[in-house]
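*Asks:* Hey, dropping data33.tsv in here, TSV, C-alpha atoms:
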```tsv
chain	number	residue	atom	x	y	z
A	6	MET	CA	-50.13	-13.55	-24.15
A	7	GLY	CA	-49.70	-16.33	-21.58
A	8	SER	CA	-46.42	-17.39	-23.17
A	9	ALA	CA	-45.04	-13.84	-23.19
A	10	LEU	CA	-46.04	-13.39	-19.54
A	11	ALA	CA	-44.28	-16.61	-18.58
A	12	VAL	CA	-41.10	-15.52	-20.38
A	13	GLY	CA	-41.28	-12.16	-18.63
A	14	LEU	CA	-41.61	-13.82	-15.23
A	15	LEU	CA	-38.66	-16.07	-15.95
A	16	MET	CA	-36.54	-13.06	-16.92
A	17	VAL	CA	-37.49	-11.18	-13.76
A	18	SER	CA	-36.84	-14.26	-11.65
A	19	GLY	CA	-33.44	-14.69	-13.26
A	20	LEU	CA	-32.50	-11.08	-12.61
A	21	THR	CA	-33.63	-11.33	-9.00
A	22	ALA	CA	-31.58	-14.47	-8.42
A	23	THR	CA	-28.53	-12.92	-10.07
A	24	SER	CA	-28.85	-9.77	-7.97
A	25	ALA	CA	-29.25	-11.83	-4.80
A	26	ASP	CA	-26.20	-13.92	-5.68
A	27	ALA	CA	-24.14	-10.77	-6.32
A	28	ALA	CA	-25.25	-9.24	-3.02
A	29	SER	CA	-24.41	-12.46	-1.17
A	30	SER	CA	-21.01	-12.63	-2.85
A	31	SER	CA	-20.28	-9.01	-1.94
A	32	ALA	CA	-21.39	-9.55	1.67
A	33	ASN	CA	-18.88	-12.39	2.06
A	34	ALA	CA	-16.02	-10.91	0.06
A	35	ALA	CA	-12.62	-10.56	1.72
A	36	PRO	CA	-11.02	-7.10	1.86
A	37	GLU	CA	-8.49	-6.12	-0.79
A	38	LEU	CA	-5.38	-3.97	-0.37
A	39	GLY	CA	-4.53	-1.55	-3.17
A	40	VAL	CA	-1.17	0.00	-4.05
A	41	ARG	CA	-0.88	2.80	-6.61
A	42	PHE	CA	2.71	3.29	-7.76
A	43	TYR	CA	4.11	4.97	-10.86
A	44	PRO	CA	7.04	7.15	-11.96
A	45	ASP	CA	6.87	10.79	-12.92
A	46	GLY	CA	10.32	10.90	-14.48
A	47	ASP	CA	13.25	8.63	-15.32
A	48	GLY	CA	12.62	4.95	-14.46
A	49	GLN	CA	13.40	4.78	-10.76
A	50	CYS	CA	10.19	3.05	-9.66
A	51	ASP	CA	10.33	-0.67	-10.42
A	52	GLY	CA	7.37	-2.97	-9.86
A	53	PRO	CA	3.72	-3.09	-10.89
A	54	THR	CA	3.65	0.28	-12.62
A	55	ASN	CA	1.64	-0.98	-15.61
A	56	PRO	CA	-1.13	-0.86	-14.65
A	57	PRO	CA	-0.13	1.54	-11.87
A	58	GLU	CA	-2.96	0.35	-9.58
A	59	ARG	CA	-2.92	-3.20	-8.21
A	60	TRP	CA	-5.31	-4.87	-5.75
A	61	VAL	CA	-4.70	-8.07	-3.79
A	62	THR	CA	-7.17	-10.07	-1.70
A	63	ALA	CA	-6.35	-10.43	1.99
A	64	PRO	CA	-4.33	-12.13	3.36
A	65	ASP	CA	-2.14	-12.29	0.23
A	66	TRP	CA	0.89	-10.02	-0.13
A	67	SER	CA	0.89	-7.11	-2.53
A	68	THR	CA	3.36	-7.33	-5.39
A	69	ALA	CA	6.61	-5.79	-4.17
A	70	ILE	CA	7.44	-2.32	-5.44
A	71	ARG	CA	11.06	-1.17	-5.69
A	72	LEU	CA	12.17	2.32	-4.74
A	73	ASP	CA	15.43	3.42	-6.31
A	74	THR	CA	15.24	7.19	-6.60
A	75	ASP	CA	18.57	8.93	-7.12
A	76	ASN	CA	19.88	11.94	-9.01
A	77	ARG	CA	17.99	11.10	-12.19
A	78	PRO	CA	15.06	13.41	-13.01
A	79	GLY	CA	11.71	12.71	-11.39
A	80	GLY	CA	10.49	10.46	-8.60
A	81	CYS	CA	7.78	7.97	-7.64
A	82	GLN	CA	4.12	8.58	-6.82
A	83	LEU	CA	2.76	6.22	-4.16
A	84	ALA	CA	-0.64	5.75	-2.47
A	85	PHE	CA	-2.66	3.05	-0.68
A	86	GLY	CA	-6.28	2.01	-0.29
A	87	ILE	CA	-8.42	-0.79	1.20
A	88	TYR	CA	-11.52	-2.14	-0.56
A	89	ASP	CA	-13.98	-3.60	1.98
A	90	PRO	CA	-17.23	-4.58	0.21
A	91	SER	CA	-18.50	-6.68	3.14
A	92	ASN	CA	-17.73	-4.04	5.81
A	93	SER	CA	-15.69	-6.64	7.66
A	94	LEU	CA	-13.19	-3.97	8.75
A	95	ALA	CA	-15.79	-1.66	10.30
A	96	GLY	CA	-14.20	0.52	12.99
A	97	LEU	CA	-10.67	0.21	11.61
A	98	ASN	CA	-8.68	3.37	10.88
A	99	ALA	CA	-5.43	3.29	8.93
A	100	THR	CA	-2.97	6.00	7.93
A	101	TYR	CA	0.37	6.35	6.16
A	102	THR	CA	2.60	9.24	7.22
A	103	TRP	CA	5.38	10.53	5.00
A	104	GLU	CA	7.92	12.82	6.63
A	105	PRO	CA	11.61	13.66	6.60
A	106	GLU	CA	13.97	12.30	9.19
A	107	PRO	CA	14.92	15.22	11.48
A	108	GLY	CA	17.77	17.17	9.91
A	109	SER	CA	17.00	15.92	6.40
A	110	ASP	CA	16.31	17.91	3.27
A	111	ASP	CA	12.52	17.71	3.34
A	112	SER	CA	12.14	18.42	-0.39
A	113	GLN	CA	12.87	14.71	-0.89
A	114	CYS	CA	9.62	13.81	0.90
A	115	GLN	CA	6.90	15.63	-1.00
A	116	ASN	CA	3.21	15.83	-0.01
A	117	GLY	CA	4.26	14.86	3.49
A	118	GLY	CA	2.21	14.41	6.61
A	119	PRO	CA	-0.42	11.86	7.64
A	120	HIS	CA	-2.79	10.54	4.97
A	121	PRO	CA	-5.78	8.28	5.72
A	122	ILE	CA	-5.90	4.95	3.92
A	123	PRO	CA	-9.52	4.94	2.73
A	124	ILE	CA	-11.43	1.80	3.76
A	125	LYS	CA	-14.43	1.80	1.44
A	126	PRO	CA	-16.95	-0.52	-0.31
A	127	PHE	CA	-15.52	0.74	-3.60
A	128	LYS	CA	-11.94	0.88	-4.86
A	129	THR	CA	-10.20	4.18	-4.19
A	130	PHE	CA	-6.86	5.47	-2.94
A	131	GLY	CA	-5.56	7.99	-0.44
A	132	ASP	CA	-3.40	10.96	-1.40
A	133	ASN	CA	-0.27	10.40	-3.42
A	134	ILE	CA	3.04	10.90	-1.69
A	135	ARG	CA	6.10	11.63	-3.82
A	136	VAL	CA	9.35	9.78	-3.23
A	137	ASP	CA	12.39	11.66	-4.54
A	138	THR	CA	15.30	10.71	-2.27
A	139	ASP	CA	18.74	11.25	-3.78
A	140	GLY	CA	22.13	12.60	-2.76
A	141	ARG	CA	20.65	15.37	-0.60
A	142	ALA	CA	21.07	15.10	3.16
A	143	GLY	CA	18.92	12.62	5.08
A	144	TRP	CA	15.99	10.44	4.14
A	145	CYS	CA	12.22	10.02	4.34
A	146	ASN	CA	10.23	7.92	6.80
A	147	LEU	CA	7.03	6.11	5.90
A	148	THR	CA	4.92	5.13	8.93
A	149	PHE	CA	1.86	2.87	8.89
A	150	THR	CA	-0.57	3.31	11.80
A	151	LEU	CA	-3.73	1.34	12.64
A	152	SER	CA	-6.34	2.08	15.30
A	153	GLY	CA	-9.89	1.23	16.25
A	154	ARG	CA	-9.53	-2.58	15.98
A	155	SER	CA	-7.17	-4.88	17.87
A	156	ASP	CA	-7.73	-7.94	15.68
A	157	VAL	CA	-6.42	-6.57	12.36
A	158	GLY	CA	-2.82	-5.94	11.35
A	159	LEU	CA	-0.93	-4.57	8.38
A	160	ASP	CA	2.18	-6.67	7.70
A	161	VAL	CA	5.12	-4.77	6.22
A	162	GLN	CA	8.02	-6.30	4.30
A	163	PHE	CA	10.87	-3.87	3.61
A	164	TYR	CA	14.25	-5.03	2.38
A	165	GLY	CA	16.99	-4.09	-0.07
A	166	ASP	CA	19.02	-5.53	-2.89
A	167	GLY	CA	22.46	-4.83	-4.31
A	168	GLY	CA	23.90	-4.00	-0.91
A	169	ALA	CA	21.26	-1.36	-0.14
A	170	ASP	CA	20.58	-2.84	3.30
A	171	ALA	CA	24.20	-2.76	4.40
A	172	GLY	CA	24.64	0.66	2.82
A	173	GLY	CA	21.87	2.16	4.94
A	174	GLN	CA	19.54	2.99	2.06
A	175	CYS	CA	16.66	0.91	3.51
A	176	ARG	CA	16.24	2.08	7.10
A	177	ASN	CA	14.57	-0.31	9.57
A	178	TYR	CA	14.74	-3.07	6.99
A	179	ARG	CA	14.10	-6.69	7.87
A	180	PRO	CA	15.59	-9.70	6.09
A	181	LYS	CA	13.70	-10.76	2.98
A	182	ASP	CA	10.62	-12.94	3.69
A	183	THR	CA	10.30	-11.55	7.23
A	184	TYR	CA	8.09	-8.66	8.27
A	185	ASP	CA	6.93	-6.32	11.00
A	186	THR	CA	3.24	-5.78	11.78
A	187	ALA	CA	1.45	-2.50	12.36
A	188	TYR	CA	-1.51	-2.86	14.73
A	189	ASP	CA	-3.42	-0.75	17.23
A	190	GLY	CA	-0.80	0.94	19.42
A	191	HIS	CA	2.16	-0.35	17.37
A	192	PRO	CA	3.01	1.70	14.24
A	193	VAL	CA	5.66	0.52	11.80
A	194	THR	CA	8.16	2.94	10.25
A	195	VAL	CA	10.50	2.26	7.34
A	196	GLY	CA	12.97	4.77	5.92
A	197	ASP	CA	13.92	5.32	2.28
A	198	ASP	CA	17.39	6.78	1.65
A	199	THR	CA	18.09	5.60	-1.90
A	200	ASP	CA	20.58	7.73	-3.79
A	201	GLY	CA	23.41	7.11	-6.24
A	202	ARG	CA	24.63	4.00	-4.44
A	203	ALA	CA	23.95	0.53	-5.79
A	204	GLY	CA	20.66	-1.15	-4.95
A	205	GLY	CA	17.13	-0.18	-4.00
A	206	CYS	CA	14.42	-0.93	-1.45
A	207	TYR	CA	11.44	-3.29	-1.83
A	208	LEU	CA	8.10	-2.74	-0.10
A	209	SER	CA	5.25	-5.26	0.14
A	210	LEU	CA	2.14	-5.21	2.37
A	211	ARG	CA	-0.79	-7.37	3.41
A	212	VAL	CA	-3.89	-7.00	5.55
A	213	ASN	CA	-4.15	-9.85	8.04
A	214	ARG	CA	-6.20	-11.01	11.01
A	215	LEU	CA	-4.20	-11.18	14.20
A	216	PHE	CA	-6.59	-13.57	15.98
```
Starting from the file, give its structure as structure tokens.

*Replies:*
Amino acid sequence: MGSALAVGLLMVSGLTATSADAASSSANAAPELGVRFYPDGDGQCDGPTNPPERWVTAPDWSTAIRLDTDNRPGGCQLAFGIYDPSNSLAGLNATYTWEPEPGSDDSQCQNGGPHPIPIKPFKTFGDNIRVDTDGRAGWCNLTFTLSGRSDVGLDVQFYGDGGADAGGQCRNYRPKDTYDTAYDGHPVTVGDDTDGRAGGCYLSLRVNRLF
């Protein structure tokens, strides 16, 4: 009886310690940025599509995705999320807005409008947007906006390959390995105009402290 009770106490103590350790680890965990990206047609969406959901711990960069939609069937589904188990980003609001450049064929920019980036203690994503730019007139703009905190930024790398920059397929691009930062009062917009021309556009993000 005494021996069984002692074993039981040890098991309970072990579980309590493990639970406390897990809670402590969660309370100190850094946020993670998630990118969900996958094709719904012919392979025009290069990058981490298998698995289609990837998470990266701040302040590391997400694996670059490559947009190269053209006249082939289908397009790319794209969404974002932020996992914040320690609530270190409390008060931060983030959105991604998908909309056609004025005068463009807006059917290339499906499920448009502003979409919140969920900032949650569990891993989830905002609404999918659908990228289907091709030979139709114009292009689609993707804008990242942050508010509510002045000390957090979202760094945005956007660049092309195969002459896509010079050809105007990657609007508002920056040279590879450089970036622009979205922060409170300063949104960042990049434009996707991939079509039948050579090359595509790469997009990579990271959550970072500004000070």

*Asks:* Which one is closest to Val161 in chain A: A:Trp66, A:Trp103, A:Phe130, A:Phe216? Count only C-alpha atoms.

*Replies:*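 That would be A:Trp66, the residue with the smallest distance to Val161 in chain A.
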
*Asks:* Can you tell me which residues surround range 169-174 of chain A at a distance of at most 10 Å, considering all atoms listed in the file, apart from same-chain residues fewer than 5 positions away, and format the answer as a PyMOL selection string?

*Replies:* chain A and resi 73+138+144+163-164+179-180+196-200+202-206

*Asks:* Please identify all polymer residues within 12 Å of Val157 in chain A, counting all atoms listed in the file, omitting same-chain residues fewer than 2 positions from it, and present them as a ChimeraX atom specification.

*Replies:* /A:36,63-64,93-99,150-155,159-160,186-191,211-216

*Asks:* Can you tell me which residues surround Arg135 in chain A at a distance of at most 7 Å, considering only C-alpha atoms, apart from same-chain residues fewer than 3 positions away, and format the answer as a PyMOL selection string?

*Replies:* chain A and resi 80-83+114-116

*Asks:* Which one is closest to Val195 in chain A: A:Leu72, A:Val136, A:Ala34, A:Cys175? Count all atoms listed in the file.

*Replies:*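 Of the candidates, the smallest distance to Val195 in chain A is held by A:Cys175.
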
*Asks:* For range 159-171 of chain A, what centre and edge lengths in Å (one decimal) does the axis-aligned box get once 3 Å is added on each side of all its listed atoms, as lines of an AutoDock Vina configuration file?

*Replies:*
```
center_x = 11.6
center_y = -4.0
center_z = 2.0
size_x = 31.1
size_y = 11.3
size_z = 18.7
```
